[in-house]
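Chemist: Pasting protein06.tsv here (TSV, C-alpha atoms and all ligand atoms):
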chain	number	residue	atom	x	y	z
A	1	MET	CA	2.93	-37.05	-7.56
A	2	LYS	CA	-0.05	-35.50	-9.34
A	3	THR	CA	-0.21	-31.93	-8.11
A	4	ASP	CA	-2.46	-28.87	-8.38
A	5	LEU	CA	-1.32	-25.76	-6.52
A	6	HIS	CA	-4.15	-23.31	-7.21
A	7	ALA	CA	-7.81	-23.92	-6.35
A	8	HIS	CA	-10.80	-22.14	-4.78
A	9	SER	CA	-13.60	-23.14	-2.42
A	10	ARG	CA	-16.75	-21.49	-1.09
A	11	CYS	CA	-14.53	-19.58	1.35
A	12	SER	CA	-14.10	-17.17	-1.59
A	13	ASP	CA	-15.49	-17.53	-5.12
A	14	GLY	CA	-15.36	-21.30	-5.59
A	15	ALA	CA	-18.58	-23.31	-5.84
A	16	LEU	CA	-17.54	-26.26	-3.65
A	17	GLU	CA	-17.10	-26.57	0.10
A	18	VAL	CA	-13.51	-27.46	1.00
A	19	GLU	CA	-14.52	-31.05	1.78
A	20	GLU	CA	-16.18	-31.38	-1.63
A	21	LEU	CA	-13.15	-29.85	-3.29
A	22	ILE	CA	-10.87	-32.42	-1.67
A	23	ASP	CA	-13.13	-35.31	-2.70
A	24	ARG	CA	-13.16	-33.99	-6.25
A	25	ALA	CA	-9.36	-33.68	-6.19
A	26	CYS	CA	-9.13	-37.32	-5.05
A	27	ALA	CA	-11.50	-38.41	-7.81
A	28	GLN	CA	-9.15	-36.69	-10.28
A	29	GLY	CA	-6.26	-38.70	-8.84
A	30	LEU	CA	-4.46	-35.80	-7.15
A	31	ASP	CA	-1.78	-36.50	-4.52
A	32	ILE	CA	-1.14	-32.84	-3.63
A	33	LEU	CA	-3.64	-29.97	-3.64
A	34	ALA	CA	-3.22	-26.36	-2.52
A	35	LEU	CA	-6.24	-24.45	-1.28
A	36	SER	CA	-5.68	-20.86	-2.42
A	37	ASP	CA	-8.80	-18.82	-1.76
A	38	HIS	CA	-8.86	-15.10	-2.51
A	39	ASP	CA	-7.57	-13.04	0.42
A	40	THR	CA	-8.60	-15.57	3.03
A	41	VAL	CA	-7.29	-18.67	4.82
A	42	SER	CA	-10.60	-19.40	6.53
A	43	GLY	CA	-10.88	-22.82	4.86
A	44	VAL	CA	-7.36	-24.06	5.51
A	45	ASP	CA	-7.79	-25.69	8.92
A	46	ARG	CA	-10.94	-27.48	7.79
A	47	ALA	CA	-9.20	-28.56	4.60
A	48	LEU	CA	-6.21	-29.96	6.51
A	49	ILE	CA	-8.57	-32.11	8.56
A	50	ALA	CA	-10.66	-33.20	5.57
A	51	ALA	CA	-7.53	-34.12	3.60
A	52	GLN	CA	-6.18	-36.55	6.20
A	53	GLY	CA	-5.66	-39.96	4.65
A	54	LYS	CA	-6.77	-38.66	1.26
A	55	LEU	CA	-4.12	-36.30	-0.10
A	56	ILE	CA	-1.50	-33.76	0.97
A	57	LEU	CA	-3.15	-30.39	1.47
A	58	VAL	CA	-0.90	-27.36	1.00
A	59	PRO	CA	-2.06	-24.29	2.96
A	60	GLY	CA	-2.31	-21.40	0.53
A	61	ILE	CA	-3.89	-18.08	-0.35
A	62	GLU	CA	-4.31	-15.93	-3.47
A	63	LEU	CA	-3.71	-12.28	-2.63
A	64	SER	CA	-4.72	-9.37	-4.85
A	65	THR	CA	-2.11	-6.68	-5.40
A	66	THR	CA	-1.88	-3.48	-7.41
A	67	TRP	CA	1.17	-3.10	-9.62
A	68	LYS	CA	1.42	-0.04	-11.89
A	69	ASN	CA	-2.34	0.34	-12.02
A	70	THR	CA	-2.90	-3.34	-12.86
A	71	GLN	CA	-4.46	-5.96	-10.58
A	72	ILE	CA	-1.95	-8.79	-10.13
A	73	HIS	CA	-2.61	-12.03	-8.23
A	74	ILE	CA	0.07	-13.64	-6.09
A	75	VAL	CA	-0.40	-17.09	-4.60
A	76	GLY	CA	1.26	-17.88	-1.27
A	77	LEU	CA	2.04	-21.58	-0.78
A	78	PHE	CA	3.18	-23.59	2.27
A	79	ILE	CA	2.12	-20.72	4.53
A	80	ASP	CA	1.46	-20.82	8.25
A	81	ASN	CA	-2.20	-19.82	8.09
A	82	HIS	CA	-2.14	-18.67	11.72
A	83	ASN	CA	0.75	-16.23	11.28
A	84	GLN	CA	-0.23	-12.85	12.76
A	85	VAL	CA	1.44	-10.73	10.06
A	86	LEU	CA	-0.59	-12.61	7.46
A	87	ILE	CA	-3.84	-12.34	9.44
A	88	ASP	CA	-3.38	-8.57	9.85
A	89	VAL	CA	-2.85	-8.09	6.10
A	90	ILE	CA	-5.85	-10.30	5.32
A	91	ASN	CA	-8.03	-8.19	7.62
A	92	GLU	CA	-6.82	-4.98	6.02
A	93	GLN	CA	-7.36	-6.36	2.53
A	94	ASN	CA	-10.84	-7.59	3.40
A	95	LYS	CA	-11.89	-4.08	4.38
A	96	SER	CA	-11.09	-2.95	0.82
A	97	ARG	CA	-12.85	-6.01	-0.56
A	98	LEU	CA	-16.01	-5.38	1.46
A	99	GLU	CA	-16.19	-1.70	0.51
A	100	ARG	CA	-15.65	-2.64	-3.11
A	101	SER	CA	-18.29	-5.35	-3.09
A	102	PHE	CA	-20.83	-2.85	-1.66
A	103	ALA	CA	-19.84	-0.38	-4.39
A	104	ILE	CA	-20.25	-3.03	-7.11
A	105	GLY	CA	-23.65	-3.88	-5.59
A	106	ARG	CA	-24.74	-0.22	-5.76
A	107	LYS	CA	-23.68	0.01	-9.41
A	108	LEU	CA	-25.60	-3.15	-10.25
A	109	GLU	CA	-28.67	-1.78	-8.42
A	110	LYS	CA	-28.54	1.24	-10.70
A	111	LEU	CA	-28.52	-1.13	-13.66
A	112	GLY	CA	-31.74	-2.70	-12.31
A	113	PHE	CA	-30.38	-5.66	-10.33
A	114	LYS	CA	-32.28	-5.42	-7.06
A	115	ASP	CA	-30.41	-6.28	-3.84
A	116	ALA	CA	-27.42	-7.37	-5.91
A	117	TYR	CA	-24.99	-7.45	-2.98
A	118	GLU	CA	-27.36	-9.23	-0.58
A	119	ARG	CA	-28.35	-11.85	-3.15
A	120	THR	CA	-24.78	-12.48	-4.25
A	121	LYS	CA	-23.75	-12.79	-0.63
A	122	ALA	CA	-26.63	-15.18	0.10
A	123	GLN	CA	-25.59	-17.38	-2.82
A	124	ALA	CA	-21.91	-17.26	-1.86
A	125	GLY	CA	-22.49	-18.12	1.80
A	126	GLU	CA	-22.13	-16.48	5.20
A	127	ASN	CA	-18.34	-16.63	5.46
A	128	ALA	CA	-17.33	-16.18	1.83
A	129	ILE	CA	-15.01	-13.39	0.73
A	130	ILE	CA	-16.88	-11.82	-2.20
A	131	THR	CA	-15.04	-11.31	-5.49
A	132	ARG	CA	-16.24	-10.34	-8.94
A	133	GLY	CA	-16.38	-14.08	-9.57
A	134	ASN	CA	-19.27	-14.37	-7.07
A	135	TYR	CA	-21.08	-11.47	-8.73
A	136	ALA	CA	-20.58	-13.06	-12.15
A	137	ARG	CA	-21.99	-16.35	-10.88
A	138	TYR	CA	-25.03	-14.61	-9.34
A	139	LEU	CA	-25.70	-12.63	-12.53
A	140	TYR	CA	-25.50	-15.81	-14.57
A	141	SER	CA	-27.90	-17.57	-12.17
A	142	ILE	CA	-30.54	-14.89	-12.86
A	143	LYS	CA	-29.85	-15.18	-16.59
A	144	ALA	CA	-28.09	-11.83	-16.93
A	145	GLY	CA	-25.53	-13.57	-19.11
A	146	CYS	CA	-25.31	-16.73	-21.20
A	147	SER	CA	-22.34	-17.92	-19.12
A	148	ILE	CA	-20.44	-16.82	-16.01
A	149	ASP	CA	-17.77	-15.47	-18.34
A	150	ASP	CA	-20.32	-13.55	-20.35
A	151	ALA	CA	-21.82	-11.95	-17.22
A	152	PHE	CA	-18.32	-11.03	-16.08
A	153	ASN	CA	-17.37	-9.50	-19.41
A	154	THR	CA	-20.65	-7.60	-19.75
A	155	TYR	CA	-20.79	-5.98	-16.30
A	156	LEU	CA	-17.70	-6.51	-14.17
A	157	LYS	CA	-14.67	-6.28	-16.39
A	158	ARG	CA	-12.48	-3.20	-16.23
A	159	GLY	CA	-14.27	-0.43	-18.15
A	160	LYS	CA	-17.74	-2.00	-17.79
A	161	LYS	CA	-20.64	-0.40	-15.91
A	162	ALA	CA	-20.32	-2.23	-12.59
A	163	TYR	CA	-16.52	-2.13	-12.47
A	164	VAL	CA	-15.05	-0.56	-9.35
A	165	LYS	CA	-11.38	0.27	-9.14
A	166	THR	CA	-9.64	-0.74	-5.90
A	167	GLU	CA	-6.23	-0.12	-4.44
A	168	TRP	CA	-4.93	-3.49	-3.26
A	169	ILE	CA	-1.69	-4.02	-1.34
A	170	SER	CA	1.62	-3.63	-3.20
A	171	VAL	CA	3.54	-6.57	-4.65
A	172	GLU	CA	6.30	-5.88	-2.13
A	173	LYS	CA	3.98	-5.96	0.87
A	174	CYS	CA	2.32	-9.10	-0.44
A	175	VAL	CA	5.58	-10.99	-0.96
A	176	GLN	CA	6.92	-9.88	2.42
A	177	THR	CA	3.71	-11.05	4.10
A	178	ILE	CA	3.88	-14.48	2.47
A	179	LYS	CA	7.53	-14.77	3.52
A	180	ALA	CA	6.69	-13.68	7.06
A	181	ALA	CA	4.19	-16.55	7.13
A	182	GLY	CA	6.94	-18.97	6.07
A	183	GLY	CA	5.62	-19.46	2.54
A	184	ILE	CA	6.70	-19.08	-1.07
A	185	ALA	CA	5.26	-16.32	-3.24
A	186	VAL	CA	4.11	-17.47	-6.68
A	187	LEU	CA	3.16	-15.08	-9.46
A	188	ALA	CA	-0.26	-16.37	-10.58
A	189	HIS	CA	-1.40	-16.92	-14.20
A	190	PRO	CA	1.18	-14.50	-15.71
A	191	LYS	CA	-0.41	-14.47	-19.17
A	192	ARG	CA	-3.88	-13.53	-17.96
A	193	TYR	CA	-3.04	-9.88	-17.33
A	194	GLU	CA	-3.75	-7.43	-20.07
A	195	ILE	CA	-0.15	-6.27	-20.35
A	196	THR	CA	2.50	-6.58	-23.08
A	197	ASN	CA	5.27	-9.17	-22.83
A	198	MET	CA	7.69	-6.33	-22.12
A	199	LYS	CA	5.55	-5.17	-19.18
A	200	LEU	CA	5.26	-8.77	-18.00
A	201	LYS	CA	9.05	-9.00	-17.86
A	202	GLU	CA	9.13	-5.78	-15.84
A	203	LEU	CA	6.54	-7.25	-13.48
A	204	ILE	CA	8.52	-10.47	-13.04
A	205	ALA	CA	11.72	-8.49	-12.41
A	206	ASP	CA	9.96	-6.37	-9.74
A	207	PHE	CA	8.35	-9.45	-8.21
A	208	LYS	CA	11.73	-11.19	-8.01
A	209	ALA	CA	13.41	-8.07	-6.57
A	210	CYS	CA	10.75	-8.08	-3.80
A	211	GLY	CA	11.63	-11.68	-2.90
A	212	GLY	CA	9.17	-13.57	-5.12
A	213	GLU	CA	10.46	-17.09	-5.77
A	214	ALA	CA	8.11	-18.81	-8.20
A	215	MET	CA	5.69	-18.31	-11.05
A	216	GLU	CA	2.91	-20.39	-12.54
A	217	VAL	CA	4.04	-22.00	-15.76
A	218	SER	CA	1.34	-24.62	-16.27
A	219	ASN	CA	-2.36	-23.74	-16.20
A	220	CYS	CA	-4.97	-26.11	-17.59
A	221	GLN	CA	-5.99	-24.05	-20.53
A	222	GLN	CA	-3.19	-22.25	-22.32
A	223	LYS	CA	-2.66	-20.98	-25.80
A	224	PRO	CA	-0.19	-23.02	-27.89
A	225	ASP	CA	3.40	-22.12	-26.98
A	226	GLU	CA	2.35	-20.19	-23.87
A	227	ARG	CA	3.68	-22.81	-21.47
A	228	GLN	CA	7.01	-22.92	-23.27
A	229	TYR	CA	7.21	-19.12	-23.23
A	230	LEU	CA	6.53	-19.02	-19.49
A	231	ALA	CA	9.09	-21.77	-18.91
A	232	ARG	CA	11.68	-19.61	-20.67
A	233	LEU	CA	10.81	-16.62	-18.49
A	234	CYS	CA	10.99	-18.83	-15.44
A	235	GLN	CA	14.53	-19.90	-16.36
A	236	GLU	CA	15.59	-16.38	-17.29
A	237	PHE	CA	14.51	-14.99	-13.92
A	238	GLU	CA	15.65	-18.08	-11.98
A	239	LEU	CA	12.28	-18.78	-10.44
A	240	TYR	CA	10.68	-22.06	-9.42
A	241	ALA	CA	7.84	-23.23	-11.66
A	242	SER	CA	4.35	-23.89	-10.32
A	243	MET	CA	1.25	-25.56	-11.77
A	244	GLY	CA	-2.35	-24.74	-10.94
A	245	SER	CA	-5.78	-25.21	-12.46
A	246	ASP	CA	-7.36	-22.18	-10.73
A	247	PHE	CA	-10.42	-24.40	-10.37
A	248	HIS	CA	-13.58	-22.59	-9.23
A	249	ASN	CA	-16.54	-24.71	-10.32
A	250	GLU	CA	-17.44	-27.54	-12.62
A	251	GLY	CA	-18.80	-26.95	-16.07
A	252	THR	CA	-15.86	-24.94	-17.40
A	253	TYR	CA	-12.67	-25.93	-19.18
A	254	ARG	CA	-10.81	-25.74	-15.86
A	255	GLU	CA	-10.60	-28.97	-13.91
A	256	LEU	CA	-8.59	-29.94	-10.85
A	257	GLY	CA	-5.25	-31.43	-11.86
A	258	MET	CA	-6.00	-31.34	-15.56
A	259	ASN	CA	-3.11	-30.87	-18.01
A	260	LEU	CA	-0.66	-29.42	-15.48
A	261	GLU	CA	2.61	-31.17	-16.37
A	262	LEU	CA	5.65	-28.93	-16.14
A	263	PRO	CA	8.08	-28.65	-19.06
A	264	ASN	CA	11.35	-30.54	-18.46
A	265	ASP	CA	13.61	-27.51	-18.40
A	266	VAL	CA	12.23	-25.82	-15.28
A	267	THR	CA	12.62	-26.55	-11.55
A	268	SER	CA	9.35	-27.39	-9.82
A	269	VAL	CA	8.34	-25.35	-6.79
A	270	LEU	CA	7.98	-28.76	-5.07
A	271	ASP	CA	11.79	-28.97	-5.23
A	272	SER	CA	12.27	-25.74	-3.24
A	273	PRO	CA	13.62	-26.11	0.30
A	274	ILE	CA	10.38	-24.80	1.83
A	275	ALA	CA	8.27	-27.30	-0.11
A	276	LYS	CA	10.65	-30.13	0.66
A	277	SER	CA	10.57	-29.53	4.38
A	278	PHE	CA	6.79	-29.17	4.30
A	279	LEU	CA	6.40	-32.45	2.39
A	280	ALA	CA	8.87	-34.21	4.67
A	281	SER	CA	6.85	-33.13	7.70
A	282	ARG	CA	3.65	-34.50	6.10
A	283	ASN	CA	5.20	-37.84	5.28
A	284	ASN	CA	6.41	-38.52	8.82
B	301	LIG	P1	-11.71	-9.78	-8.00
B	301	LIG	O1	-10.53	-10.35	-7.27
B	301	LIG	O2	-12.86	-9.43	-7.11
B	301	LIG	O3	-11.34	-8.67	-8.93
B	301	LIG	O4	-12.28	-10.94	-8.91
B	301	LIG	C1	-11.44	-11.73	-9.68
B	301	LIG	C2	-12.13	-13.06	-9.95
B	301	LIG	O5	-13.13	-12.87	-10.97
B	301	LIG	C3	-11.20	-14.11	-10.52
B	301	LIG	O6	-10.53	-14.78	-9.51
B	301	LIG	C4	-12.17	-15.01	-11.22
B	301	LIG	O7	-12.77	-15.89	-10.30
B	301	LIG	C5	-13.23	-14.07	-11.73
B	301	LIG	N1	-13.00	-13.76	-13.14
B	301	LIG	C6	-11.99	-13.06	-13.67
B	301	LIG	N2	-12.10	-12.98	-15.00
B	301	LIG	C7	-13.23	-13.64	-15.33
B	301	LIG	C8	-13.90	-13.94	-16.53
B	301	LIG	N3	-13.47	-13.48	-17.71
B	301	LIG	N4	-15.04	-14.66	-16.47
B	301	LIG	C9	-15.51	-15.11	-15.29
B	301	LIG	N5	-14.92	-14.87	-14.12
B	301	LIG	C10	-13.80	-14.16	-14.12
B	302	MN	MN	-11.64	-16.27	-8.45
B	303	MN	MN	-6.35	-15.14	-9.97
B	304	MN	MN	-7.39	-18.12	-8.52
Take the structure in this file and express it as structure tokens.

Modeler:
Amino acid sequence: MKTDLHAHSRCSDGALEVEELIDRACAQGLDILALSDHDTVSGVDRALIAAQGKLILVPGIELSTTWKNTQIHIVGLFIDNHNQVLIDVINEQNKSRLERSFAIGRKLEKLGFKDAYERTKAQAGENAIITRGNYARYLYSIKAGCSIDDAFNTYLKRGKKAYVKTEWISVEKCVQTIKAAGGIAVLAHPKRYEITNMKLKELIADFKACGGEAMEVSNCQQKPDERQYLARLCQEFELYASMGSDFHNEGTYRELGMNLELPNDVTSVLDSPIAKSFLASRNN
């Protein structure tokens, strides 16, 4: 079963509507796709409907957390997107997100980008949760960078002029919330944080102690040996292994379902009891 367990739509900072995302996933030959928008599940019900007869849609979310002063992303998979504990945390988190996106907008205004928040919001869409990814895409669209990445690195990255620090929920609260919603917590893109390997091990140990059960091992673009290194960590900490493209938009090196095979020596998150019972219910 070709699987991708990390992808974004226009409900947060992806460029495609959920229906378009699902059609693209089908065109890439995917059998299983998780929708994991940032701090929102607003696209999940629509996605479940759009996926009928096309592929198995896994309800998911990518939550931002703060761990020892670093922003860490945790993906929740196989969640009940109507769970009240989850909805309450999402609402709380979105207050921080909104305040932060206004603050980023004010900083960009000072740098000469008129109505930065309003224009980013207009481009992102009425119901989108705004992340720095949306700002980066807006800045690129007005040629304030030679790529989305470049705009991000010039203005929005930690230490840059429009960066705004935010206190997200803790790893513990995040994992507990995902569990309350019946899901599995997956540590997202572990090698994308600017921390040493020793710190990463500390993070994984804390995550596991909080009840975290899986980590992403396969992403579509990884440095040589990175996947093998993550597979070793996954075994060492007895976690399930996940695979996700973190697809946002076309035109980058990230593509739905691309290059996501798991190494042989790890146990796939699809083999966890929660995933198995979810998949069994979809196949009936
Ligand atoms: P936030 O959660 O608001 O801090 O924004 C994080 C999002 O910014 C990520 O999910 C990506 O979509 C985007 N992002 C992070 N790093 C980069 C980068 N180097 N270039 C472009 N976009 C990025
Ligand atoms: Mn993003
Ligand atoms: Mn992320
Ligand atoms: Mn993501």

Chemist: What is the CA of Asn264 in chain A-CA of Phe247 in chain A distance in Å, reported with one decimal?

Modeler: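 Computed distance, CA of Asn264 in chain A to CA of Phe247 in chain A, equals 24.0 Å.
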
Chemist: Please, which residues in chain A fall within 9 Å of ligand LIG 301 (chain B) when counting all atoms listed in the file, and what is the closest atom pair and distance in Å to one decimal for each, ordered by chain then residue number, as a tab-separated table?

Modeler:
residue	atom	partner	partner_atom	distance
A:His8	CA	B:LIG301	O7	8.6
A:Ser12	CA	B:LIG301	O7	8.9
A:Asp13	CA	B:LIG301	O7	6.1
A:Gly14	CA	B:LIG301	O7	7.6
A:Asp37	CA	B:LIG301	O6	8.9
A:His38	CA	B:LIG301	O1	6.9
A:Asp39	CA	B:LIG301	O1	8.7
A:Glu62	CA	B:LIG301	O6	8.7
A:Leu63	CA	B:LIG301	O1	8.5
A:Ser64	CA	B:LIG301	O1	6.4
A:Gln71	CA	B:LIG301	O3	7.6
A:His73	CA	B:LIG301	O1	8.2
A:Arg97	CA	B:LIG301	O2	7.4
A:Arg100	CA	B:LIG301	O2	8.4
A:Ser101	CA	B:LIG301	O2	7.9
A:Ile130	CA	B:LIG301	O2	6.8
A:Thr131	CA	B:LIG301	O2	3.3
A:Arg132	CA	B:LIG301	O2	3.9
A:Gly133	CA	B:LIG301	O5	3.7
A:Asn134	CA	B:LIG301	O7	7.4
A:Tyr135	CA	B:LIG301	O5	8.4
A:Ala136	CA	B:LIG301	N5	6.3
A:Arg137	CA	B:LIG301	N5	7.9
A:Ser147	CA	B:LIG301	C9	8.3
A:Ile148	CA	B:LIG301	C9	5.3
A:Asp149	CA	B:LIG301	N4	3.4
A:Asp150	CA	B:LIG301	N4	6.6
A:Ala151	CA	B:LIG301	C9	7.3
A:Phe152	CA	B:LIG301	N4	4.9
A:Asn153	CA	B:LIG301	N3	5.8
A:Leu156	CA	B:LIG301	O5	8.5
A:Lys157	CA	B:LIG301	N2	7.3
A:Val164	CA	B:LIG301	O3	8.9
A:Lys165	CA	B:LIG301	O3	8.9
A:Thr166	CA	B:LIG301	O3	8.7
A:Arg192	CA	B:LIG301	N2	8.8
A:Asp246	CA	B:LIG301	O6	8.1
A:Phe247	CA	B:LIG301	O7	8.8
A:His248	CA	B:LIG301	O7	6.8

Chemist: Pick the closest to ligand MN 302 (chain B) from A:Lys114, A:Arg10, A:Thr65, A:Tyr155: which is it, counting only C-alpha atoms and all ligand atoms?

Modeler: A:Arg10

Chemist: Extract, using only C-alpha atoms, all DNA, RNA and protein residues at most 12 Å from Gly53 in chain A, discarding same-chain residues fewer than 2 positions from it, and format them as a ChimeraX atom specification.

Modeler: /A:22-23,26,31-32,47-51,55-57,282-283

Chemist: Tell me, in Å to one decimal, how far CA of Leu260 in chain A is from CA of Gly244 in chain A.

Modeler: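 The value is 6.7 Å.
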
Chemist: Rounded to one decimal, what separation in Å do you get between CA of Ala205 in chain A and CA of Ile178 in chain A?

Modeler: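 It comes out at 17.9 Å.
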
Chemist: Have a look at A:Ala241, A:Ile184, A:Ala27, A:Val217 and name the one nearest to Pro273 in chain A; count only C-alpha atoms.

Modeler: A:Ile184

Chemist: Of the candidates A:Tyr253, A:Trp168, A:Tyr240, A:Tyr229, which shows the shortest atom-to-atom distance to Ser268 in chain A, using all atoms listed in the file?

Modeler: A:Tyr240

Chemist: With distances taken over all atoms listed in the file, which residue among A:Asn94, A:Lys54, A:Leu21, A:Thr66 lies nearest Tyr193 in chain A?

Modeler: A:Thr66

Chemist: I'd like to know which of A:Val44, A:Leu203, A:Met1, A:Cys11 is closest to Glu172 in chain A, using all atoms listed in the file.

Modeler: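 Among A:Val44, A:Leu203, A:Met1, A:Cys11, it is A:Leu203 that comes nearest to Glu172 in chain A.
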
Chemist: Scan for residues within 12 Å of the point (-20.1, -13.5, 5.9) in the coordinates of the file, using all atoms listed in the file, and reply as a list in words.

Modeler: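 Residues with an atom close enough to that point: Arg10, Cys11, Ser12, Ser42, Asn94, Leu98, Tyr117, Glu118, Thr120, Lys121, Ala122, Gln123, Ala124, Gly125, Glu126, Asn127, Ala128, Ile129 and Ile130 of chain A.
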
Chemist: Looking at A:Cys174, A:Ala181, A:Pro224, A:Gln235, which one is nearest to Gly211 in chain A, with distances taken over all atoms listed in the file?

Modeler: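 Between A:Cys174, A:Ala181, A:Pro224, A:Gln235, the residue approaching Gly211 in chain A most closely is A:Cys174.
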
Chemist: Adding 6 Å on each side of the box along x, y and z that holds all listed atoms of range 121-140 of chain A, could you give its centre and edge lengths in Å to one decimal, as AutoDock Vina command-line options?

Modeler:
--center_x -20.8 --center_y -14.2 --center_z -4.6 --size_x 23.6 --size_y 19.8 --size_z 32.0

Chemist: Using all atoms listed in the file, which residues sit within 10 Å of Gly212 in chain A once same-chain residues fewer than 3 positions away are excluded, as a PyMOL selection string?

Modeler: chain A and resi 74+76+171-172+174-176+178-179+184-187+204-209+215+239-240

Chemist: Go ahead and write the residues just picked, C-alpha atoms, as an mmCIF file, in the frame of the given file.

Modeler:
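The new file again_15.cif reads:
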data_model
loop_
_atom_site.group_PDB
_atom_site.id
_atom_site.type_symbol
_atom_site.label_atom_id
_atom_site.label_comp_id
_atom_site.auth_asym_id
_atom_site.auth_seq_id
_atom_site.Cartn_x
_atom_site.Cartn_y
_atom_site.Cartn_z
ATOM 1 C CA ILE A 74 0.070 -13.640 -6.090
ATOM 2 C CA GLY A 76 1.260 -17.880 -1.270
ATOM 3 C CA VAL A 171 3.540 -6.570 -4.650
ATOM 4 C CA GLU A 172 6.300 -5.880 -2.130
ATOM 5 C CA CYS A 174 2.320 -9.100 -0.440
ATOM 6 C CA VAL A 175 5.580 -10.990 -0.960
ATOM 7 C CA GLN A 176 6.920 -9.880 2.420
ATOM 8 C CA ILE A 178 3.880 -14.480 2.470
ATOM 9 C CA LYS A 179 7.530 -14.770 3.520
ATOM 10 C CA ILE A 184 6.700 -19.080 -1.070
ATOM 11 C CA ALA A 185 5.260 -16.320 -3.240
ATOM 12 C CA VAL A 186 4.110 -17.470 -6.680
ATOM 13 C CA LEU A 187 3.160 -15.080 -9.460
ATOM 14 C CA ILE A 204 8.520 -10.470 -13.040
ATOM 15 C CA ALA A 205 11.720 -8.490 -12.410
ATOM 16 C CA ASP A 206 9.960 -6.370 -9.740
ATOM 17 C CA PHE A 207 8.350 -9.450 -8.210
ATOM 18 C CA LYS A 208 11.730 -11.190 -8.010
ATOM 19 C CA ALA A 209 13.410 -8.070 -6.570
ATOM 20 C CA MET A 215 5.690 -18.310 -11.050
ATOM 21 C CA LEU A 239 12.280 -18.780 -10.440
ATOM 22 C CA TYR A 240 10.680 -22.060 -9.420
#

Chemist: For range 254-258 of chain A, where the input has fewer atoms than it should, I would like all heavy atoms rebuilt and written as a PDB file, in the frame of the given file.

Modeler:
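Written out: rebuild13.pdb:
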ATOM      1  N   ARG A 254     -11.813 -25.538 -16.919  1.00  0.00           N
ATOM      2  CA  ARG A 254     -10.810 -25.740 -15.860  1.00  0.00           C
ATOM      3  C   ARG A 254     -11.222 -26.890 -14.956  1.00  0.00           C
ATOM      4  O   ARG A 254     -12.326 -26.886 -14.432  1.00  0.00           O
ATOM      5  CB  ARG A 254     -10.697 -24.482 -14.997  1.00  0.00           C
ATOM      6  CG  ARG A 254      -9.991 -23.366 -15.708  1.00  0.00           C
ATOM      7  CD  ARG A 254      -9.762 -22.210 -14.753  1.00  0.00           C
ATOM      8  NE  ARG A 254      -9.700 -20.973 -15.505  1.00  0.00           N
ATOM      9  CZ  ARG A 254      -9.951 -19.784 -15.001  1.00  0.00           C
ATOM     10  NH1 ARG A 254     -10.311 -19.661 -13.733  1.00  0.00           N
ATOM     11  NH2 ARG A 254      -9.855 -18.711 -15.741  1.00  0.00           N
ATOM     12  N   GLU A 255     -10.312 -27.836 -14.793  1.00  0.00           N
ATOM     13  CA  GLU A 255     -10.600 -28.970 -13.910  1.00  0.00           C
ATOM     14  C   GLU A 255      -9.396 -29.224 -13.018  1.00  0.00           C
ATOM     15  O   GLU A 255      -8.247 -29.025 -13.439  1.00  0.00           O
ATOM     16  CB  GLU A 255     -10.918 -30.203 -14.762  1.00  0.00           C
ATOM     17  CG  GLU A 255     -11.292 -31.430 -13.979  1.00  0.00           C
ATOM     18  CD  GLU A 255     -12.414 -31.181 -12.973  1.00  0.00           C
ATOM     19  OE1 GLU A 255     -13.598 -31.159 -13.377  1.00  0.00           O
ATOM     20  OE2 GLU A 255     -12.099 -30.995 -11.772  1.00  0.00           O
ATOM     21  N   LEU A 256      -9.660 -29.646 -11.799  1.00  0.00           N
ATOM     22  CA  LEU A 256      -8.590 -29.940 -10.850  1.00  0.00           C
ATOM     23  C   LEU A 256      -7.571 -30.904 -11.474  1.00  0.00           C
ATOM     24  O   LEU A 256      -7.954 -31.960 -11.985  1.00  0.00           O
ATOM     25  CB  LEU A 256      -9.164 -30.551  -9.578  1.00  0.00           C
ATOM     26  CG  LEU A 256      -9.922 -29.591  -8.656  1.00  0.00           C
ATOM     27  CD1 LEU A 256     -10.703 -30.365  -7.590  1.00  0.00           C
ATOM     28  CD2 LEU A 256      -8.949 -28.609  -7.979  1.00  0.00           C
ATOM     29  N   GLY A 257      -6.321 -30.518 -11.427  1.00  0.00           N
ATOM     30  CA  GLY A 257      -5.250 -31.430 -11.860  1.00  0.00           C
ATOM     31  C   GLY A 257      -5.139 -31.677 -13.341  1.00  0.00           C
ATOM     32  O   GLY A 257      -4.291 -32.460 -13.772  1.00  0.00           O
ATOM     33  N   MET A 258      -5.984 -31.015 -14.123  1.00  0.00           N
ATOM     34  CA  MET A 258      -6.000 -31.340 -15.560  1.00  0.00           C
ATOM     35  C   MET A 258      -4.863 -30.648 -16.324  1.00  0.00           C
ATOM     36  O   MET A 258      -4.694 -29.438 -16.204  1.00  0.00           O
ATOM     37  CB  MET A 258      -7.344 -30.894 -16.147  1.00  0.00           C
ATOM     38  CG  MET A 258      -7.566 -31.343 -17.577  1.00  0.00           C
ATOM     39  SD  MET A 258      -9.170 -30.800 -18.175  1.00  0.00           S
ATOM     40  CE  MET A 258      -8.802 -29.105 -18.609  1.00  0.00           C
TER      41      MET A 258
END
